[in-house]
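Below is start02.cif, holding mmCIF, C-alpha atoms.
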```cif
data_entry
loop_
_atom_site.label_atom_id
_atom_site.label_comp_id
_atom_site.auth_asym_id
_atom_site.auth_seq_id
_atom_site.Cartn_x
_atom_site.Cartn_y
_atom_site.Cartn_z
CA MET A 1 39.49 -33.83 9.29
CA ASN A 2 39.74 -34.79 12.93
CA ALA A 3 37.00 -36.11 15.15
CA GLU A 4 36.73 -32.91 17.16
CA VAL A 5 35.55 -30.89 14.17
CA MET A 6 33.16 -33.59 13.01
CA GLN A 7 31.39 -33.53 16.38
CA PRO A 8 28.27 -31.35 15.96
CA GLN A 9 28.46 -28.43 18.36
CA THR A 10 25.23 -27.79 20.23
CA THR A 11 24.45 -24.56 22.02
CA PRO A 12 23.21 -24.93 25.60
CA THR A 13 19.51 -24.15 25.99
CA VAL A 14 20.17 -21.38 28.51
CA ALA A 15 22.46 -19.58 26.06
CA MET A 16 19.83 -19.82 23.32
CA ILE A 17 17.09 -18.42 25.54
CA ARG A 18 19.41 -15.65 26.73
CA THR A 19 20.33 -14.61 23.20
CA LEU A 20 16.76 -14.77 21.91
CA GLY A 21 15.59 -12.78 24.93
CA LEU A 22 18.25 -10.14 24.29
CA ILE A 23 17.32 -9.85 20.59
CA ALA A 24 13.61 -9.73 21.37
CA ALA A 25 14.28 -6.93 23.87
CA ILE A 26 16.32 -4.91 21.33
CA CYS A 27 13.59 -5.38 18.70
CA GLY A 28 10.88 -4.44 21.19
CA VAL A 29 12.62 -1.18 22.02
CA ILE A 30 13.03 -0.33 18.32
CA ILE A 31 9.35 -1.03 17.54
CA VAL A 32 8.00 0.94 20.49
CA GLY A 33 10.34 3.80 19.62
CA ALA A 34 9.09 3.88 16.03
CA TYR A 35 5.45 3.68 17.16
CA GLN A 36 5.83 6.54 19.64
CA GLY A 37 7.89 8.62 17.23
CA THR A 38 5.38 8.43 14.39
CA TYR A 39 2.12 8.33 16.42
CA ASN A 40 1.27 12.04 16.18
CA ALA A 41 2.13 12.31 12.50
CA VAL A 42 0.07 9.19 11.66
CA GLN A 43 -2.99 10.41 13.59
CA GLU A 44 -2.72 13.83 11.96
CA ASN A 45 -2.46 12.21 8.52
CA LYS A 46 -5.54 10.08 9.18
CA ARG A 47 -7.50 13.13 10.34
CA ILE A 48 -6.49 15.12 7.25
CA ALA A 49 -7.41 12.18 5.00
CA VAL A 50 -10.91 11.94 6.53
CA GLU A 51 -11.39 15.71 6.34
CA ARG A 52 -10.32 15.84 2.70
CA ALA A 53 -12.66 12.99 1.79
CA VAL A 54 -15.60 14.69 3.54
CA PHE A 55 -14.85 18.12 2.02
CA LYS A 56 -14.82 16.47 -1.40
CA VAL A 57 -18.36 15.08 -1.10
CA ILE A 58 -19.72 18.13 0.78
CA PRO A 59 -18.12 21.03 -1.13
CA ALA A 60 -19.67 23.68 1.15
CA ALA A 61 -18.13 22.18 4.30
CA ARG A 62 -15.24 23.98 6.01
CA SER A 63 -15.00 21.89 9.18
CA ILE A 64 -16.29 18.51 10.32
CA GLY A 65 -17.68 16.87 13.43
CA GLU A 66 -17.54 13.14 14.11
CA PHE A 67 -20.65 11.42 15.44
CA ILE A 68 -22.02 7.94 16.05
CA ALA A 69 -25.61 6.83 15.55
CA LEU A 70 -26.55 4.23 18.18
CA PRO A 71 -28.96 1.31 17.58
CA ASP A 72 -31.52 2.85 20.00
CA GLY A 73 -31.90 5.77 17.59
CA SER A 74 -29.84 8.35 19.45
CA VAL A 75 -26.86 10.31 18.15
CA GLU A 76 -23.71 11.13 20.11
CA LYS A 77 -20.35 12.78 19.52
CA THR A 78 -17.58 10.20 19.15
CA SER A 79 -15.67 9.55 22.35
CA ALA A 80 -12.10 10.81 22.71
CA SER A 81 -10.73 7.29 22.22
CA GLY A 82 -12.56 7.06 18.89
CA THR A 83 -14.00 3.61 19.63
CA VAL A 84 -17.34 2.80 18.03
CA PRO A 85 -19.67 0.57 20.16
CA ALA A 86 -21.14 -2.56 18.55
CA GLY A 87 -24.11 -1.77 16.29
CA ALA A 88 -23.33 1.95 16.16
CA VAL A 89 -22.61 3.69 12.85
CA LYS A 90 -20.00 6.42 12.54
CA PHE A 91 -20.78 9.46 10.41
CA TYR A 92 -19.50 12.96 9.81
CA ALA A 93 -21.35 16.26 9.87
CA GLY A 94 -19.92 18.95 7.59
CA TYR A 95 -20.29 22.58 8.68
CA ASP A 96 -20.07 25.62 6.39
CA ASP A 97 -18.39 28.99 7.00
CA ALA A 98 -21.22 30.21 9.23
CA GLY A 99 -21.13 27.01 11.33
CA GLY A 100 -24.42 25.68 9.95
CA LEU A 101 -24.93 22.06 8.87
CA ALA A 102 -23.89 21.71 5.23
CA GLY A 103 -24.42 17.97 4.90
CA ILE A 104 -23.82 14.56 6.40
CA ALA A 105 -21.24 12.06 5.16
CA ALA A 106 -21.03 8.37 5.95
CA GLU A 107 -19.20 5.31 4.71
CA GLY A 108 -20.72 2.32 2.98
CA SER A 109 -19.26 -0.74 1.34
CA ALA A 110 -20.36 -3.52 -0.98
CA LYS A 111 -18.71 -6.27 -2.97
CA GLY A 112 -17.45 -5.02 -6.32
CA TYR A 113 -15.74 -6.84 -9.18
CA ALA A 114 -12.34 -7.36 -7.54
CA ASP A 115 -12.84 -6.64 -3.86
CA SER A 116 -15.19 -4.65 -1.68
CA VAL A 117 -15.76 -1.08 -2.84
CA ARG A 118 -15.69 1.32 0.11
CA ILE A 119 -17.32 4.66 -0.54
CA LEU A 120 -18.13 7.84 1.36
CA PHE A 121 -21.46 9.41 0.41
CA ALA A 122 -22.97 12.78 1.26
CA TYR A 123 -26.57 13.19 2.42
CA ASP A 124 -28.30 16.55 2.23
CA GLN A 125 -30.87 16.86 5.01
CA ALA A 126 -32.71 19.80 3.40
CA THR A 127 -33.60 17.93 0.20
CA SER A 128 -33.44 14.37 1.61
CA SER A 129 -31.08 13.25 -1.10
CA ILE A 130 -27.69 11.66 -1.64
CA THR A 131 -25.74 14.45 -3.31
CA ALA A 132 -22.36 12.89 -4.09
CA PHE A 133 -20.02 10.02 -3.35
CA GLY A 134 -16.27 9.44 -3.23
CA VAL A 135 -14.21 6.28 -3.09
CA VAL A 136 -12.37 5.43 0.12
CA ALA A 137 -10.80 2.22 -1.16
CA MET A 138 -11.32 -0.09 -4.13
CA ARG A 139 -9.37 -2.49 -6.30
CA GLU A 140 -11.57 -2.29 -9.39
CA THR A 141 -10.06 -2.70 -12.85
CA PRO A 142 -8.34 0.52 -13.96
CA GLY A 143 -10.05 1.98 -17.01
CA ILE A 144 -13.26 -0.03 -16.43
CA GLY A 145 -14.52 -0.14 -12.84
CA ASP A 146 -12.88 3.13 -11.85
CA LYS A 147 -15.08 4.94 -14.41
CA ILE A 148 -17.60 5.41 -11.58
CA LEU A 149 -15.51 8.42 -10.51
CA VAL A 150 -15.28 10.15 -13.89
CA ASP A 151 -18.15 8.95 -16.11
CA LYS A 152 -20.34 12.05 -16.62
CA GLU A 153 -23.55 10.12 -17.19
CA PHE A 154 -22.99 8.07 -14.05
CA LEU A 155 -22.28 11.14 -11.93
CA ALA A 156 -25.49 12.70 -13.31
CA ASN A 157 -27.37 10.09 -11.21
CA PHE A 158 -26.76 12.38 -8.25
CA PRO A 159 -28.57 13.93 -6.40
CA LEU A 160 -30.40 10.71 -5.63
CA GLU A 161 -33.66 10.68 -3.75
CA ALA A 162 -33.39 9.15 -0.25
CA LYS A 163 -36.64 10.02 1.55
CA LEU A 164 -37.49 8.27 4.80
CA ALA A 165 -40.48 5.89 4.88
CA ALA A 166 -43.58 7.00 6.78
CA ASP A 167 -42.78 4.68 9.71
CA LEU A 168 -39.24 6.16 9.91
CA LYS A 169 -37.76 2.65 9.93
CA GLY A 170 -36.04 2.78 6.56
CA LEU A 171 -36.05 4.49 3.18
CA ALA A 172 -39.35 5.01 1.38
CA ASN A 173 -37.75 3.55 -1.75
CA ALA A 174 -34.64 1.38 -1.69
CA ILE A 175 -31.79 2.77 -3.77
CA VAL A 176 -31.08 0.37 -6.62
CA THR A 177 -28.78 0.27 -9.61
CA VAL A 178 -30.59 -0.50 -12.86
CA LYS A 179 -29.36 -1.50 -16.33
CA GLN A 180 -28.01 1.40 -18.37
CA GLY A 181 -30.71 3.54 -19.92
CA THR A 182 -33.58 2.14 -17.84
CA LYS A 183 -33.58 4.68 -15.00
CA THR A 184 -37.09 6.05 -14.52
CA LYS A 185 -37.31 6.91 -10.80
CA PRO A 186 -35.27 9.49 -8.88
CA TRP A 187 -33.96 6.80 -6.50
CA GLU A 188 -32.57 4.58 -9.23
CA ILE A 189 -28.94 4.60 -10.41
CA ASP A 190 -28.26 4.18 -14.10
CA ALA A 191 -25.33 1.71 -14.40
CA ILE A 192 -22.30 2.28 -16.60
CA SER A 193 -22.36 -0.13 -19.52
CA GLY A 194 -19.37 -2.49 -19.11
CA ALA A 195 -18.93 -1.60 -15.46
CA THR A 196 -22.26 -2.89 -14.20
CA ILE A 197 -20.85 -4.79 -11.22
CA THR A 198 -18.99 -1.76 -9.86
CA SER A 199 -22.02 0.46 -10.49
CA ARG A 200 -24.21 -2.00 -8.58
CA ALA A 201 -21.71 -2.01 -5.71
CA VAL A 202 -22.07 1.78 -5.41
CA GLY A 203 -25.88 1.50 -5.25
CA LYS A 204 -25.81 -1.35 -2.74
CA ALA A 205 -23.20 0.38 -0.56
CA ILE A 206 -25.29 3.56 -0.39
CA ASN A 207 -28.55 1.68 0.18
CA ASP A 208 -27.22 -0.65 2.90
CA ALA A 209 -25.67 2.23 4.85
CA ALA A 210 -28.53 4.69 4.32
CA GLN A 211 -31.23 2.20 5.38
CA ILE A 212 -29.57 1.91 8.79
CA LEU A 213 -28.15 5.39 9.29
CA LEU A 214 -30.79 7.80 7.96
CA PRO A 215 -33.67 6.62 10.20
CA ARG A 216 -31.41 7.20 13.20
CA ILE A 217 -30.30 10.65 12.06
CA GLY A 218 -33.76 11.86 11.03
CA PRO A 219 -35.16 12.62 14.52
CA ASN A 220 -31.81 13.98 15.74
CA LEU A 221 -31.14 16.62 13.11
CA ASP A 222 -31.51 19.48 15.63
CA LYS A 223 -28.66 18.03 17.64
CA LEU A 224 -26.40 18.29 14.57
CA LYS A 225 -27.61 21.65 13.26
CA GLU A 226 -25.14 23.88 15.04
CA LYS A 227 -21.43 23.31 15.34
CA SER A 228 -20.64 22.58 18.97
CA MET B 229 35.80 -0.88 -13.61
CA SER B 230 37.00 2.44 -12.21
CA GLN B 231 38.08 2.35 -8.61
CA PRO B 232 37.64 5.47 -6.51
CA SER B 233 40.20 5.71 -3.72
CA GLY B 234 39.76 7.04 -0.19
CA ILE B 235 36.40 6.35 1.45
CA MET B 236 35.61 3.44 -0.82
CA SER B 237 38.18 0.68 -0.76
CA ALA B 238 38.25 -1.76 -3.68
CA ARG B 239 36.64 -4.42 -1.47
CA ASN B 240 33.74 -2.20 -0.46
CA TRP B 241 33.23 -1.02 -4.04
CA ASP B 242 33.06 -4.64 -5.11
CA GLU B 243 30.52 -5.45 -2.38
CA LEU B 244 28.38 -2.49 -3.40
CA MET B 245 28.42 -3.28 -7.12
CA GLU B 246 27.55 -6.93 -6.57
CA GLY B 247 23.91 -6.12 -5.86
CA ILE B 248 23.60 -3.18 -8.23
CA TRP B 249 24.87 -5.02 -11.29
CA ARG B 250 26.49 -8.47 -11.23
CA GLN B 251 23.93 -10.11 -8.90
CA ASN B 252 21.02 -7.71 -9.36
CA PRO B 253 18.17 -9.21 -7.25
CA VAL B 254 15.49 -8.58 -9.88
CA PHE B 255 17.23 -9.03 -13.22
CA VAL B 256 19.93 -11.59 -12.41
CA MET B 257 18.89 -13.53 -9.30
CA VAL B 258 15.14 -13.11 -10.02
CA LEU B 259 14.36 -12.89 -6.28
CA GLY B 260 11.62 -10.98 -4.49
CA MET B 261 9.25 -11.27 -7.45
CA CYS B 262 6.09 -10.94 -5.36
CA PRO B 263 6.46 -7.20 -4.64
CA ALA B 264 8.33 -6.66 -7.91
CA LEU B 265 5.29 -7.72 -9.94
CA ALA B 266 2.48 -6.60 -7.66
CA VAL B 267 3.24 -3.01 -6.69
CA THR B 268 5.03 -1.74 -9.79
CA VAL B 269 2.01 -0.20 -11.49
CA SER B 270 3.66 3.22 -11.33
CA GLY B 271 7.13 4.67 -11.00
CA ILE B 272 6.51 6.20 -7.60
CA ASN B 273 5.19 2.90 -6.17
CA GLY B 274 8.26 1.04 -7.45
CA LEU B 275 10.60 3.68 -6.04
CA SER B 276 8.93 3.77 -2.60
CA MET B 277 8.82 -0.01 -2.34
CA GLY B 278 12.50 -0.13 -3.32
CA ILE B 279 13.47 2.47 -0.72
CA ALA B 280 11.47 0.68 2.00
CA THR B 281 13.11 -2.63 1.12
CA THR B 282 16.58 -1.01 1.05
CA PHE B 283 16.04 0.43 4.54
CA VAL B 284 14.98 -2.96 5.92
CA LEU B 285 17.87 -4.69 4.13
CA VAL B 286 20.57 -2.33 5.43
CA CYS B 287 19.26 -2.17 9.01
CA SER B 288 18.58 -5.88 9.42
CA CYS B 289 21.87 -6.93 7.78
CA GLY B 290 23.70 -4.46 10.05
CA LEU B 291 22.06 -5.84 13.19
CA VAL B 292 22.45 -9.48 12.11
CA SER B 293 26.13 -8.85 11.39
CA LEU B 294 26.60 -7.07 14.72
CA LEU B 295 25.04 -9.99 16.62
CA ARG B 296 26.42 -12.75 14.37
CA LYS B 297 28.73 -14.19 17.06
CA LEU B 298 25.90 -14.22 19.61
CA ILE B 299 23.22 -15.86 17.47
CA PRO B 300 23.10 -19.64 18.08
CA LYS B 301 23.03 -21.41 14.71
CA GLU B 302 20.09 -23.62 15.74
CA VAL B 303 17.75 -20.65 15.99
CA ARG B 304 19.35 -18.31 13.46
CA ILE B 305 16.46 -18.26 10.96
CA ALA B 306 13.97 -17.41 13.73
CA THR B 307 16.29 -14.65 14.92
CA TYR B 308 16.71 -13.19 11.42
CA ILE B 309 12.95 -13.15 10.91
CA VAL B 310 12.41 -11.35 14.23
CA ILE B 311 15.03 -8.74 13.31
CA ILE B 312 13.65 -8.28 9.78
CA ALA B 313 10.08 -8.05 11.08
CA THR B 314 11.15 -5.34 13.52
CA PHE B 315 12.49 -3.09 10.79
CA VAL B 316 9.49 -3.81 8.55
CA THR B 317 7.24 -2.61 11.39
CA VAL B 318 9.35 0.55 11.65
CA VAL B 319 9.00 1.16 7.89
CA ASP B 320 5.26 0.48 8.13
CA TYR B 321 4.83 3.26 10.71
CA VAL B 322 7.13 5.66 8.85
CA ILE B 323 5.22 5.24 5.56
CA GLN B 324 1.91 5.89 7.37
CA ALA B 325 3.43 9.04 8.82
CA VAL B 326 4.77 10.20 5.45
CA SER B 327 1.74 9.52 3.23
CA LEU B 328 -1.44 7.52 3.76
CA ALA B 329 -2.09 7.51 0.02
CA LEU B 330 1.23 5.76 -0.55
CA TYR B 331 0.46 3.38 2.33
CA ASP B 332 -2.83 2.42 0.65
CA ALA B 333 -1.16 2.03 -2.74
CA LEU B 334 1.49 -0.36 -1.41
CA GLY B 335 -1.11 -2.21 0.68
CA ALA B 336 -0.15 -5.53 2.20
CA PHE B 337 3.17 -5.57 0.37
CA ILE B 338 4.85 -3.44 3.03
CA GLN B 339 4.22 -6.10 5.67
CA LEU B 340 5.20 -8.77 3.15
CA ILE B 341 8.75 -7.34 3.01
CA VAL B 342 9.27 -9.65 6.03
CA VAL B 343 9.24 -12.68 3.76
CA ASN B 344 11.13 -11.05 0.89
CA CYS B 345 13.74 -13.69 0.07
CA VAL B 346 16.31 -11.05 -0.94
CA ILE B 347 16.52 -9.91 2.70
CA LEU B 348 16.54 -13.32 4.38
CA GLY B 349 18.97 -14.51 1.71
CA ARG B 350 21.37 -11.63 2.41
CA ALA B 351 21.15 -12.14 6.19
CA GLU B 352 21.87 -15.86 5.89
CA ALA B 353 24.40 -15.86 3.05
CA HIS B 354 26.28 -12.63 3.68
CA ALA B 355 25.59 -10.63 6.84
CA SER B 356 26.07 -13.62 9.16
CA LYS B 357 29.61 -14.09 7.85
CA ASN B 358 30.88 -10.50 7.52
CA THR B 359 31.61 -7.42 9.62
CA PRO B 360 28.84 -4.81 9.93
CA VAL B 361 30.40 -2.30 7.50
CA VAL B 362 30.92 -4.87 4.76
CA ALA B 363 27.48 -6.41 5.36
CA MET B 364 25.72 -3.05 5.25
CA THR B 365 27.62 -1.98 2.12
CA ASN B 366 26.61 -5.17 0.38
CA ALA B 367 23.03 -4.85 1.61
CA PHE B 368 22.90 -1.24 0.41
CA GLY B 369 24.09 -2.34 -3.04
CA MET B 370 21.43 -5.07 -3.12
CA GLY B 371 18.81 -2.54 -2.04
CA ILE B 372 19.82 -0.11 -4.79
CA GLY B 373 19.78 -2.95 -7.29
CA PHE B 374 16.29 -3.98 -6.15
CA THR B 375 15.11 -0.35 -6.31
CA ILE B 376 16.48 0.04 -9.85
CA GLY B 377 14.69 -3.16 -10.83
CA LEU B 378 11.34 -2.02 -9.39
CA LEU B 379 11.78 1.45 -10.87
CA ALA B 380 12.53 -0.01 -14.32
CA LEU B 381 9.37 -2.13 -14.14
CA GLY B 382 7.23 0.64 -12.65
CA CYS B 383 8.24 3.35 -15.13
CA VAL B 384 7.69 1.16 -18.21
CA ARG B 385 4.29 0.00 -16.92
CA GLU B 386 3.21 3.52 -15.99
CA ILE B 387 4.25 4.98 -19.36
CA LEU B 388 2.52 2.24 -21.37
CA GLY B 389 -0.48 1.68 -19.12
CA ALA B 390 -1.35 5.22 -18.08
CA GLY B 391 0.68 7.49 -20.37
CA THR B 392 2.27 9.22 -17.41
CA LEU B 393 5.63 9.17 -15.61
CA PHE B 394 5.60 9.96 -11.88
CA GLY B 395 2.10 11.33 -12.42
CA VAL B 396 3.13 13.75 -15.20
CA SER B 397 1.21 13.25 -18.44
CA LEU B 398 3.57 12.49 -21.32
CA PHE B 399 1.49 12.18 -24.46
CA GLY B 400 -1.44 14.55 -24.02
CA ALA B 401 -5.16 13.86 -24.18
CA ASN B 402 -5.13 11.72 -27.33
CA PHE B 403 -3.14 8.90 -25.70
CA GLN B 404 -5.12 5.67 -25.43
CA PRO B 405 -3.78 3.84 -22.34
CA TRP B 406 -2.61 0.25 -22.81
CA VAL B 407 -4.57 -0.82 -19.73
CA VAL B 408 -3.27 -4.40 -19.56
CA MET B 409 0.15 -3.03 -18.62
CA VAL B 410 -1.10 -1.82 -15.21
CA LEU B 411 -2.97 -5.08 -14.64
CA PRO B 412 -1.20 -8.17 -13.25
CA PRO B 413 -0.39 -9.72 -16.68
CA GLY B 414 1.43 -6.51 -17.64
CA GLY B 415 3.87 -7.11 -14.81
CA PHE B 416 4.86 -10.44 -16.34
CA PHE B 417 5.14 -8.96 -19.87
CA VAL B 418 7.42 -6.13 -18.74
CA LEU B 419 9.50 -8.35 -16.44
CA GLY B 420 9.92 -10.83 -19.30
CA ALA B 421 11.11 -8.07 -21.62
CA TRP B 422 13.67 -6.80 -19.09
CA LEU B 423 14.95 -10.34 -18.37
CA LEU B 424 15.33 -10.88 -22.11
CA LEU B 425 17.40 -7.72 -22.40
CA PHE B 426 19.62 -8.65 -19.45
CA SER B 427 20.27 -12.21 -20.61
CA ALA B 428 21.04 -10.92 -24.13
CA LEU B 429 23.62 -8.57 -22.58
CA ALA B 430 25.08 -11.41 -20.51
CA ARG B 431 25.27 -13.69 -23.60
CA ARG B 432 27.06 -11.00 -25.60
CA LYS B 433 29.58 -10.43 -22.82
CA GLN B 434 30.19 -14.18 -22.56
CA ARG B 435 30.75 -14.45 -26.32
CA LYS B 436 33.23 -11.58 -26.30
CA LEU B 437 35.14 -13.20 -23.44
CA THR B 438 35.38 -16.54 -25.27
CA GLU B 439 36.49 -14.78 -28.45
CA ALA B 440 39.14 -12.88 -26.53
CA ALA B 441 40.31 -16.12 -24.92
CA GLN B 442 40.53 -17.86 -28.31
CA ASN B 443 42.45 -14.99 -29.86
CA ALA B 444 44.92 -14.86 -27.04
#
```
Transcribe the structure of this file into structure tokens.
Amino acid sequence: MNAEVMQPQTTPTVAMIRTLGLIAAICGVIIVGAYQGTYNAVQENKRIAVERAVFKVIPAARSIGEFIALPDGSVEKTSASGTVPAGAVKFYAGYDDAGGLAGIAAEGSAKGYADSVRILFAYDQATSSITAFGVVAMRETPGIGDKILVDKEFLANFPLEAKLAADLKGLANAIVTVKQGTKTKPWEIDAISGATITSRAVGKAINDAAQILLPRIGPNLDKLKEKS
Amino acid sequence: MSQPSGIMSARNWDELMEGIWRQNPVFVMVLGMCPALAVTVSGINGLSMGIATTFVLVCSCGLVSLLRKLIPKEVRIATYIVIIATFVTVVDYVIQAVSLALYDALGAFIQLIVVNCVILGRAEAHASKNTPVVAMTNAFGMGIGFTIGLLALGCVREILGAGTLFGVSLFGANFQPWVVMVLPPGGFFVLGAWLLLFSALARRKQRKLTEAAQNA
């Protein structure tokens, strides 16, 4: 081997920067192209996913409206950009065939066995009760924690009483999950034996979200009554 | 091995089969185990993850090979990662556009394709030294091999752990699912069983070759 080959060849800094700049530019164009190309389809998919989830918990609903409940107790339609201001809670109003309010759906989450359990629950304003819930995302153990969706006795906990307290600042009775077979009040959730932690997460998720959201919705029901 | 003529030259056929069989990323090289164990709870998850990885492999190896004379060797790894990350981002958007349910099922493992060692390994060891056609053929073979590996894991785990295949119930209502198979330990059990099968095949082939050599 001669000395020339042994000499380590170094690339000039300018050449390195030029090449990296060129590659970064190519990659940038590809990413922006992909983002623009899929934007509409992704947004449409997200909208359909939300609609499906709401229709599942409010079976009578045929269309939905998106709202936010602000900390000062007022309710507004979500802005076109979809951004939610700090402290505001997003919720959905489901409307039936005639355009009347069929129910209200909102998200809640609480720590489950594996990760946080995110649920969407439906609130019926006529009976002041939580009528159903669906799972948005969870990583609970298959065959154990995911029983909350199929266990007949657990689903029989709904409708669940969620009346507002006299001062309109929270619920009259906090929604709690109790040990299996000890449910005595209409606002208690009977846990699934063997899946207590996931059952508790459902109760806590509903309670935490309802305590904040329902007092804000209560005085504004007229605003939601008719589909705008 | 049969050799089709025409479009596929012997060289290209060889490059393609390297990843599918001789150097299968899952069963022979045992690379990319993170997605292979984590997402393969069902056949469809394994298949989608395999297809996504194949797309990233082929595109990034093609681009790396195309730019191989331009890329300074001092910053080659950084360059490969940027290129790979670009195509992973593309796949990420495409999967969201195709199905949000699938996107949720694959979770963080789509983004983690960036650090899949099969892809970086191919870019460094193969694409940077070969012409685009050869590099992409080899990458495609590796991708198919990876997909077959994930599909083999996913199908076995879905059948045993849920009694279904691609969502279709196989055994009827009386089937008691073997839940551990869709939990993380099940991934190791099934992978171990497949590796056992492949090394047994390799041992047998080796023995036959030695016997043939002795007889000759």
Chain and number of each residue from the PyMOL selection byres ((chain B and resi 406-417) around 8), as a PyMOL selection string: (chain A and resi 141-143) or (chain B and resi 265-266+268-270+381+385-386+388-390+404-405+418-421)
Atomic distance CA of Lys163 (chain A) - CA of Ile189 (chain A), expressed in Å with one decimal: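 So the two atoms, CA of Lys163 (chain A) and CA of Ile189 (chain A), lie 15.2 Å apart.
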Test item: the PyMOL selection byres ((chain A and resi 63-78) around 6) resolved as a PyMOL selection string: chain A and resi 61-62+79+82+87-95+216
Selection result for the PyMOL selection byres ((chain A) within 6 of (chain B)) on this file, as a list in words: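 With the PyMOL selection byres ((chain A) within 6 of (chain B)) on this model, the match is Cys27, Ala34, Thr38, Ala41 and Val42 of chain A.
Between CA of Gly100 (chain A) and CA of Gln125 (chain A) there is a distance of 12.0 Å.
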Long-range neighbours of region 192-196 of chain A as a PyMOL selection string, 7 Å cut-off, only C-alpha atoms, 2 positions minimum in chain: chain A and resi 144-145+154+180+190+198-200
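Shortest separation to Val361 (chain B) among B:Gly271, B:Gly290, B:Gly247, B:Gly373 occurs at residue B:Gly290, atoms counted being all atoms listed in the file.
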CA of Asn252 (chain B) to CA of Ile272 (chain B), distance in Å rounded to a single decimal: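 Computing the Euclidean distance for CA of Asn252 (chain B) and CA of Ile272 (chain B) yields 20.2 Å.
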Using only C-alpha atoms: which of A:Leu120, A:Leu149, A:Gln211, A:Lys185 has the shortest distance to Leu164 (chain A):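 For Leu164 (chain A), the nearest of the given residues is A:Gln211.
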Distance criterion (only C-alpha atoms): nearest to Ile217 (chain A) out of A:Leu20, A:Ala165, A:Val50, A:Ile104: A:Ile104
Spatial neighbours of Ser293 (chain B), max dist 10 Å, all atoms listed in the file, sep filter under 3 positions, as a PyMOL selection string: chain B and resi 287-290+296-299+351-352+354-364
Selected residues written out, C-alpha atoms, as a PDB file, in the frame of the given file:
```pdb
ATOM      1  CA  CYS B 287      19.260  -2.170   9.010  1.00  0.00           C
ATOM      2  CA  SER B 288      18.580  -5.880   9.420  1.00  0.00           C
ATOM      3  CA  CYS B 289      21.870  -6.930   7.780  1.00  0.00           C
ATOM      4  CA  GLY B 290      23.700  -4.460  10.050  1.00  0.00           C
ATOM      5  CA  ARG B 296      26.420 -12.750  14.370  1.00  0.00           C
ATOM      6  CA  LYS B 297      28.730 -14.190  17.060  1.00  0.00           C
ATOM      7  CA  LEU B 298      25.900 -14.220  19.610  1.00  0.00           C
ATOM      8  CA  ILE B 299      23.220 -15.860  17.470  1.00  0.00           C
ATOM      9  CA  ALA B 351      21.150 -12.140   6.190  1.00  0.00           C
ATOM     10  CA  GLU B 352      21.870 -15.860   5.890  1.00  0.00           C
ATOM     11  CA  HIS B 354      26.280 -12.630   3.680  1.00  0.00           C
ATOM     12  CA  ALA B 355      25.590 -10.630   6.840  1.00  0.00           C
ATOM     13  CA  SER B 356      26.070 -13.620   9.160  1.00  0.00           C
ATOM     14  CA  LYS B 357      29.610 -14.090   7.850  1.00  0.00           C
ATOM     15  CA  ASN B 358      30.880 -10.500   7.520  1.00  0.00           C
ATOM     16  CA  THR B 359      31.610  -7.420   9.620  1.00  0.00           C
ATOM     17  CA  PRO B 360      28.840  -4.810   9.930  1.00  0.00           C
ATOM     18  CA  VAL B 361      30.400  -2.300   7.500  1.00  0.00           C
ATOM     19  CA  VAL B 362      30.920  -4.870   4.760  1.00  0.00           C
ATOM     20  CA  ALA B 363      27.480  -6.410   5.360  1.00  0.00           C
ATOM     21  CA  MET B 364      25.720  -3.050   5.250  1.00  0.00           C
TER      22      MET B 364
END
```
Contact residues around region 275-283 of chain B with all atoms listed in the file at 9 Å, ignoring same-chain residues under 6 positions, as a PyMOL selection string: chain B and resi 263-264+267-268+315-316+319-320+323+330+334+337-338+341+344+347+367-379+382
Nearest residue to Ala209 (chain A) from the set A:Glu107, A:Asp222, A:Glu51, A:Asp96 (distances using only C-alpha atoms):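 Of all the options, A:Glu107 lies closest to Ala209 (chain A).
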Contacts of Thr127 (chain A) within 9 Å, all atoms listed in the file, excl. fewer than 3 positions in-chain, as an NGL selection string: :A and (123-124 or 130 or 161-163)
Next, write the just-selected residues to a file, as a PDB file, in the frame of the given file, keeping C-alpha atoms as the atom set.
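Just written: out37.pdb:
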```pdb
ATOM      1  CA  TYR A 123     -26.570  13.190   2.420  1.00  0.00           C
ATOM      2  CA  ASP A 124     -28.300  16.550   2.230  1.00  0.00           C
ATOM      3  CA  ILE A 130     -27.690  11.660  -1.640  1.00  0.00           C
ATOM      4  CA  GLU A 161     -33.660  10.680  -3.750  1.00  0.00           C
ATOM      5  CA  ALA A 162     -33.390   9.150  -0.250  1.00  0.00           C
ATOM      6  CA  LYS A 163     -36.640  10.020   1.550  1.00  0.00           C
TER       7      LYS A 163
END
```
Given all atoms listed in the file as the counted atoms, nearest of B:Gln339, B:Asn273, B:Asn240, B:Gln251 to Cys383 (chain B): B:Asn273
Using all atoms of region 177-191 of chain A listed in the file and a margin of 3 Å per side, can you give the axis-aligned box centre and edge lengths in Å to one decimal, as lines of an AutoDock Vina configuration file?
```
center_x = -31.3
center_y = 4.0
center_z = -13.2
size_x = 18.0
size_y = 17.0
size_z = 19.4
```
